[in-house]
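Enquirer: The structure follows.
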Amino acid sequence: MRITSLEPARCLPVPDAGFGALLTERGNLPLESVDVNADISGLIAGVEVTQGFRNPFDVTLEATYVFPLPDRAAVTGFRMEADDRVIEGVLKERGAARADYDRALREGRRAAIAEEDRPDVFTIRVGNILPGERVSVRLTMSQPLPYEDGAATFRFPLVVAPRYIPGSPLDGPPAGDGTAPDTDAVPDASRISPPVLLPGFPNPVRLSLTATVEASGLELRELASSLHVVEEDGRTVRLRPGERLDRDFVLRLSFDASTSLQLDGRDTFALTVLPPEPAGARTPRDLVLLLDRSGSMSGWKMICARRAAARIVDTLTPQDRFAVLTFDTVVEQAFEGLVAASDRNRYRAVEHLARVDARGGTELLEPLLQAIALLDAESGRERVVVLVTDGQVGNEDQILERAGGALSAMRVHTVGIDRAVNAGFLGRLAGIGAGRCELVESEDRLDAAMDHIHRRIGAPLVTDLSLTDLAVEPETVTHLGSIFPGVPLRAYGRYHEGSSVTVRGIAAGTPWQERVDGVTVDNPALRAVWARAHLRELEDRYAMGEHDLEPRIVRTSLEYGVLCRFTAYVAVDTRQVAGEGPEHRVIQPVEPPSGWELPSAAPMAFGANVMLAAAPAAAPMVRMRAPGLGQSGLDQGFVGTGAPEGESPVAGGPPPYGAPGAGPVLPPAPPVPGGGLRGRRPGGRGGGGAAHRLDAVLPQLVAELDRLHALPLPDLLYLADLGTRLAALARFLGGSAELEALARELEAAEQPGADARTLHDHAVATLTALVGRDTPPPGPSEQGPSTGGRRPFWKRP
């Protein structure tokens with residue numbers, strides 16, 4: 001393929017710009033503008049995002065843009081506009097949508113596709129953009145706003161920050177066009193690692209953001225933007241021109257919420273219940289504090305993290321026990337095991353935290369497993385994990401698969417510190433552990449955030465929540481969790497009959513209830529917000545091992561028209577405008593996150609490589625198509641990662657990461673049971689069969705056995721719940737006769753005549769035998785296909 005550039009006079013190097021900066025009379029390539037328009041009504045925002053692309057080449061272009069969206073936003077519409085033509089997107093199963101997009105490009109038709117790679121990371125590709133042509137794509141979404149301590153927060157992320165990618169690189173073509181290699185721990189790392197520009201580039205993208213607040217009967221006391229300077233016009237706020245896509249937009253709206261039940265008149269409800277007044281003494285706690293000290297936490301983030309961790313230690317009382325773990329590629333403990341929260345031990349912990357600085361990579365799984373081990377065997381005390389981090393990891397699904405089950409039996413609070421925080425993942429962790437996720441975007445925000453956390457770390461006000469009187473559809477109510485001080489209960493679900501609901505729970509050891517009468521509202525967003533929340537819960541269960549949920553997730557996504565990881569929006573023009581596919585492909589470089597101390601001499605210890613600055617006159621490097629590679633192996637436009645092994649990817653720049661003279665090389669992560677090497681052979685990569693070895697779930701089985709031993713008395717309800725968890729593990733394995741038989745027996749524990757002691761002893765004996773058994777190596781049927789038999793990257797092996 002031959003790419004014809006513009007004339008030199010129309011394509012000039014930018015003075016003092018970094019490597020890859022290209023300025024033409026039509027602007028930087030390929031993304032020209034991002035426009036965000038939000039209409040905020042009560043606790044829901046309707047948002048439209050329009051991305052404008054240009055093609056200043058004289059050949060057809062495919063542009064790829066990796067970008068963030070709010071992790072709980074329901075994407076319900078997609079549209080492409082080009083040459084006065086409007087093409088509405090269609091939501092399809094992801095594989096079918098990708099096939100339609102690829103077919104359209106081969107046939108010379110314009111097409112665009114929108115895909116979800118993480119709950120808060122999305123990719124748009126726009127293909128067959130004609131020379132000199134402008135194309136825009138528009139996403140429509142509904143976003144719920146969290147409400148705490150008298151204020152709702154509208155947070156809109158604007159940049160995907162580099163994420164640490166653990167694991168060993170996989171053979172074969174990459175899943176995407178990013179800079180990080182796919183690994184056994186993160187099989188789609190190349191899809192979430194767009195190239196990153198270092199400071200010095202001219203503003204590459206025009207950003208416009210407008211938020212209008214509708215009164216909706218609320219007495220709005222204040223509007224406050226914490227990271228941007230805004231212009232106000234009544235209840236409309238706008239970003240000032242010239243802002244960059246390098247940090248989240250955060251707008252806080254102060255008003256008094258109220259308990260309410262909204263019914264959409266069809267089949268969906270939204271419930272808000274304000275917390276009751278605190279009463280009674282709390283249960284003593286065992287708390288493990290995890291502090292991220294990886295390289296991405298340098299600068300102001302490390303200062304905030306140390307202060308936050310010290311404040312958390314200060315919340316402890318002498319009746320509590322605690323441990324402090326700091327981690328990067330290694331885990332360090334302030335002292336061995338759990339210790340009493342005496343004045344002396346809390347002082348020692350704060351001293352240890354004061355010496356912590358940023359270094360290394362974000363190996364998050366190991367400290368979580370150590371925290372689980374510290375807390376797992378104790379009963380009768382509140383078990384709490386507090387994680388302080390920016391959350392910039394790529395192996396979210398692996399972490400949930402290995403640790404999610406055990407964390408669901410504990411209280412997990414997350415404190416995210418960053419101006420471009422991985423809010424989606426931190427919210428998922430907190431949701432699994434029925435805890436709170438607090439986001440800190442600046443040092444000015446820290447004190448207020450820690451006041452919130454101080455109250456959350458204690459025991460919740462109301463637990464064991466349930467709904468009665470409203471006839472809800474089974475398995476449709478979003479996770480109820482617990483009610484914490486200052487944080488209302490927010491729940492969505494489907495119902496078929498009723499006009500009121502009674503919320504029941506346990507407060508200070510005694511029954512608690514509140515009745516809420518319903519009000520019918522004309523708000524289609526309720527249905528979309530419920531569907532998104534329901535899909536998020538199903539996707540988390542899928543990531544934790546329930547892989548048979550995939551058809552249900554796809555069916556739910558298509559029925560309610562809400563994008564998820566297994567579906568995609570695709571828009572295809574009917575008119576042929578080009579030859580056989582785009583002649584040039586470019587992935588849009590993204591801004592470095594504001595507040596990050598990125599290196600100027602060597603890449604950081606992240607899977608997502610950073611585009612380094614070079615001489616202003618350096619020409620952009622292009623990775624040309626390699627024989628045998630599909631479109632994901634094509635050039636990445638301005639990405640300087642296509643140099644031969646051992647050569648610098650940047651003209652005049654340092655050696656690549658891991659080469660002689662570069663920074664230290666991180667050791668590869670250990671093999672991951674059930675989700676790691678997947679039958680890897682020397683010299684090649686297995687594709688992973690349907691069956692998994694028993695050791696894939698060995699940590700979960702050991703944890704369940706320890707819990708059984710720790711029970712003071714056999715409990716039929718606990719045994720029935722254990723049966724459901726073992727059944728999920730059996731499905732993850734692709735079938736296990738012993739686990740399935742035990743699960744069936746335990747799930748029947750709630751039936752009349754069940755003997756708790758007999759079932760308990762039988763479960764202990766069976767799990768002991770399974771845990772102690774030596775598992776033979778996988779046979780031929782468990783070996784996956786040879787290189788090239790790779791599963792779709794959006795599915796777990």
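Labels for the structure tokens follow display order: chains A, B, ..., residues from 1 in each chain, ligands from 1.
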Taking 2 positions as the minimum chain separation for residues in the same chain, which residues sit within 8 Å of segment 59-72 of chain A when counting only C-alpha atoms? Answer as an MDAnalysis selection string.
Expert: chainID A and resid 3:4 30:31 53 55 57 74 119:131 143:144 155:160 191:192 194 423:424 529 532:533 578 581:588
Enquirer: In terms of the shortest atom-to-atom distance over only C-alpha atoms, which of A:Ala568, A:Ala543, A:Ala97, A:Val519 is closest to Gln398 of chain A?
Expert: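 Among the listed residues, A:Ala543 lies closest to Gln398 of chain A.
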Enquirer: Once DSSP has gone over the backbone, tell me which residues of segment 1-174 of chain A are in strand (DSSP E), as a PyMOL selection string.
Expert: chain A and resi 11-13+22-24+31-41+44-54+61-68+74-82+85-88+90-93+109-118+121-129+134-144+147-148+151-156
Enquirer: Keeping only C-alpha atoms, take the residues you just selected and write them out as a compact mmCIF listing (two decimals), in the first residue's frame.
Expert:
```
# COMPACT_ATOMS: atom_id res chain seq x y z
CA CYS A 11 2.51 19.80 6.38
CA LEU A 12 4.95 21.68 8.61
CA PRO A 13 6.67 20.55 11.81
CA LEU A 22 1.81 17.12 12.72
CA LEU A 23 0.12 20.41 11.80
CA THR A 24 -1.71 21.02 8.53
CA LEU A 31 -9.64 13.93 15.91
CA GLU A 32 -10.62 17.58 15.54
CA SER A 33 -13.23 18.19 18.25
CA VAL A 34 -15.12 16.72 21.19
CA ASP A 35 -18.43 18.33 22.21
CA VAL A 36 -20.24 17.25 25.40
CA ASN A 37 -23.75 18.50 26.18
CA ALA A 38 -25.39 17.43 29.44
CA ASP A 39 -28.90 18.10 30.72
CA ILE A 40 -29.05 17.36 34.45
CA SER A 41 -32.46 16.70 35.96
CA ILE A 44 -29.96 11.69 36.27
CA ALA A 45 -28.09 13.42 33.42
CA GLY A 46 -28.86 13.01 29.74
CA VAL A 47 -25.63 13.43 27.77
CA GLU A 48 -24.73 13.73 24.09
CA VAL A 49 -21.07 13.37 23.03
CA THR A 50 -20.09 14.38 19.50
CA GLN A 51 -16.64 13.59 18.12
CA GLY A 52 -15.50 15.29 14.92
CA PHE A 53 -12.84 13.74 12.65
CA ARG A 54 -10.96 15.19 9.65
CA LEU A 61 -8.51 7.05 6.21
CA GLU A 62 -9.66 4.92 9.13
CA ALA A 63 -9.44 6.75 12.48
CA THR A 64 -9.44 5.00 15.87
CA TYR A 65 -10.11 6.82 19.13
CA VAL A 66 -9.89 5.24 22.60
CA PHE A 67 -11.77 7.39 25.10
CA PRO A 68 -13.54 7.25 28.46
CA ALA A 74 -26.17 3.83 29.64
CA VAL A 75 -25.21 4.36 25.97
CA THR A 76 -28.51 4.16 24.08
CA GLY A 77 -27.81 5.79 20.73
CA PHE A 78 -25.11 6.12 18.06
CA ARG A 79 -25.10 8.16 14.86
CA MET A 80 -22.62 8.93 12.07
CA GLU A 81 -22.86 12.05 9.89
CA ALA A 82 -20.83 12.61 6.73
CA ARG A 85 -25.82 11.97 5.17
CA VAL A 86 -27.05 10.74 8.58
CA ILE A 87 -26.65 7.04 9.40
CA GLU A 88 -28.24 5.75 12.60
CA VAL A 90 -27.73 -0.37 15.14
CA LEU A 91 -26.93 -2.32 18.33
CA LYS A 92 -25.82 -5.88 17.55
CA GLU A 93 -23.93 -8.77 19.11
CA ARG A 109 -18.60 2.18 2.19
CA ARG A 110 -18.31 4.55 5.14
CA ALA A 111 -18.84 2.91 8.51
CA ALA A 112 -18.38 3.55 12.21
CA ILE A 113 -18.41 1.23 15.21
CA ALA A 114 -18.56 1.92 18.97
CA GLU A 115 -17.35 -0.78 21.39
CA GLU A 116 -16.98 -1.05 25.18
CA ASP A 117 -13.62 -2.42 26.37
CA ARG A 118 -14.07 -1.57 30.04
CA VAL A 121 -13.21 2.74 28.33
CA PHE A 122 -14.65 2.72 24.81
CA THR A 123 -13.28 2.59 21.27
CA ILE A 124 -14.71 4.23 18.17
CA ARG A 125 -13.46 3.44 14.69
CA VAL A 126 -14.54 5.48 11.67
CA GLY A 127 -13.57 4.03 8.31
CA ASN A 128 -13.32 5.20 4.68
CA ILE A 129 -13.13 8.91 5.49
CA ARG A 134 -15.26 15.74 7.91
CA VAL A 135 -17.15 12.96 9.71
CA SER A 136 -18.85 13.22 13.09
CA VAL A 137 -20.15 10.50 15.37
CA ARG A 138 -22.60 11.07 18.22
CA LEU A 139 -23.22 8.99 21.32
CA THR A 140 -26.37 9.43 23.41
CA MET A 141 -26.45 8.26 27.03
CA SER A 142 -28.19 8.54 30.40
CA GLN A 143 -26.05 8.81 33.52
CA PRO A 144 -27.08 8.48 37.20
CA TYR A 147 -25.39 11.74 45.93
CA GLU A 148 -23.53 12.04 49.24
CA ALA A 151 -24.46 17.08 47.05
CA ALA A 152 -24.76 15.24 43.75
CA THR A 153 -21.71 14.86 41.49
CA PHE A 154 -21.67 15.01 37.70
CA ARG A 155 -18.30 13.53 36.72
CA PHE A 156 -17.38 13.23 33.04
```
Enquirer: From segment 350-478 of chain A, collect each residue whose DSSP state is alpha helix (DSSP H) and return the set as a ChimeraX atom specification.
Expert: /A:350-354,365-376,396-407,423-432,443-457
Enquirer: Separation of atom CA of Arg552 of chain A and atom CA of Leu400 of chain A, in Å?
Expert: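 Result for atom CA of Arg552 of chain A versus atom CA of Leu400 of chain A: 19.8 Å, one decimal.
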Enquirer: Set the distance at 9 Å and use only C-alpha atoms: which residues neighbour segment 470-473 of chain A once local chain neighbours fewer than 4 positions away are removed? I'd like the list as a list in words.
Expert: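 Contacts, with the query itself left out: Val477, Gly493, Arg494, Tyr495, His496, Glu497, Gly498, Ser499, Ser500, Val501 and Thr502 of chain A.
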Enquirer: Determine, counting only C-alpha atoms, which protein, DNA and RNA residues have an atom within 8 Å of an atom of Tyr560 of chain A; residues of the same chain fewer than 5 positions away are not included. Present the result as a PyMOL selection string.
Expert: chain A and resi 527-528+531
Enquirer: Those residues you just picked out, can you put them in a file as a PDB file, in the first residue's frame with N, CA and C atoms?
Expert:
```
ATOM      1  N   ARG A 527     -35.481   3.499  32.620  1.00  0.00           N
ATOM      2  CA  ARG A 527     -35.357   2.159  32.028  1.00  0.00           C
ATOM      3  C   ARG A 527     -33.920   1.905  31.574  1.00  0.00           C
ATOM      4  N   ALA A 528     -33.308   2.909  30.933  1.00  0.00           N
ATOM      5  CA  ALA A 528     -31.933   2.734  30.447  1.00  0.00           C
ATOM      6  C   ALA A 528     -30.953   2.629  31.607  1.00  0.00           C
ATOM      7  N   ALA A 531     -31.206  -0.784  33.115  1.00  0.00           N
ATOM      8  CA  ALA A 531     -30.609  -1.809  32.253  1.00  0.00           C
ATOM      9  C   ALA A 531     -29.088  -1.787  32.357  1.00  0.00           C
TER      10      ALA A 531
END
```
Enquirer: Just the residues within 6 Å of segment 711-726 of chain A, please, counting only C-alpha atoms, with nothing from its chain fewer than 4 positions along; format it as a list in words.
Expert: Ala743, Leu746, Glu747, Ala749, Ala756 and Arg757 of chain A
Enquirer: Neighbours of segment 280-296 of chain A within 6 Å (only C-alpha atoms; same-chain residues fewer than 2 positions away dropped), as a list in words?
Expert: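 Counting only C-alpha atoms, the residues come to Ser298, Gln319, Asp320, Arg321, Phe322, Ala323, Val324, Leu325, Thr326, Phe327, Asp328, Ala358, Arg359, Gly360, Gly361, Thr362, Arg381, Glu382, Arg383, Val384, Val385, Val386, Leu387, Val388, Thr389 and Ala508 of chain A.
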Enquirer: Select, from A:Ser225, A:Asp100, A:Ala371, A:Ala308, the residue with the minimum atom-to-atom distance to Leu353 of chain A, counting only C-alpha atoms.
Expert: A:Ala308
Enquirer: Quick one: of A:Arg744, A:Arg707, A:His547, A:Arg490, who's nearest to Leu274 of chain A, counting only C-alpha atoms?
Expert: A:Arg490
Enquirer: Report the distance between atom CA of Pro593 of chain A and atom CA of Gly416 of chain A in Å, rounded to one decimal place.
Expert: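 Distance reported for this atom pair: 14.6 Å.
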Enquirer: Tell me, as a list in words, which residues lie within 10 Å of Ala409 of chain A, counting only C-alpha atoms; anything in the same chain fewer than 4 positions away does not count.
Expert: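 Neighbouring residues, sequence-local ones excluded: Ile372, Asp376, Arg383, Val384, Gly404, Gly405, Ile432, Gly433 and Ala434 of chain A.
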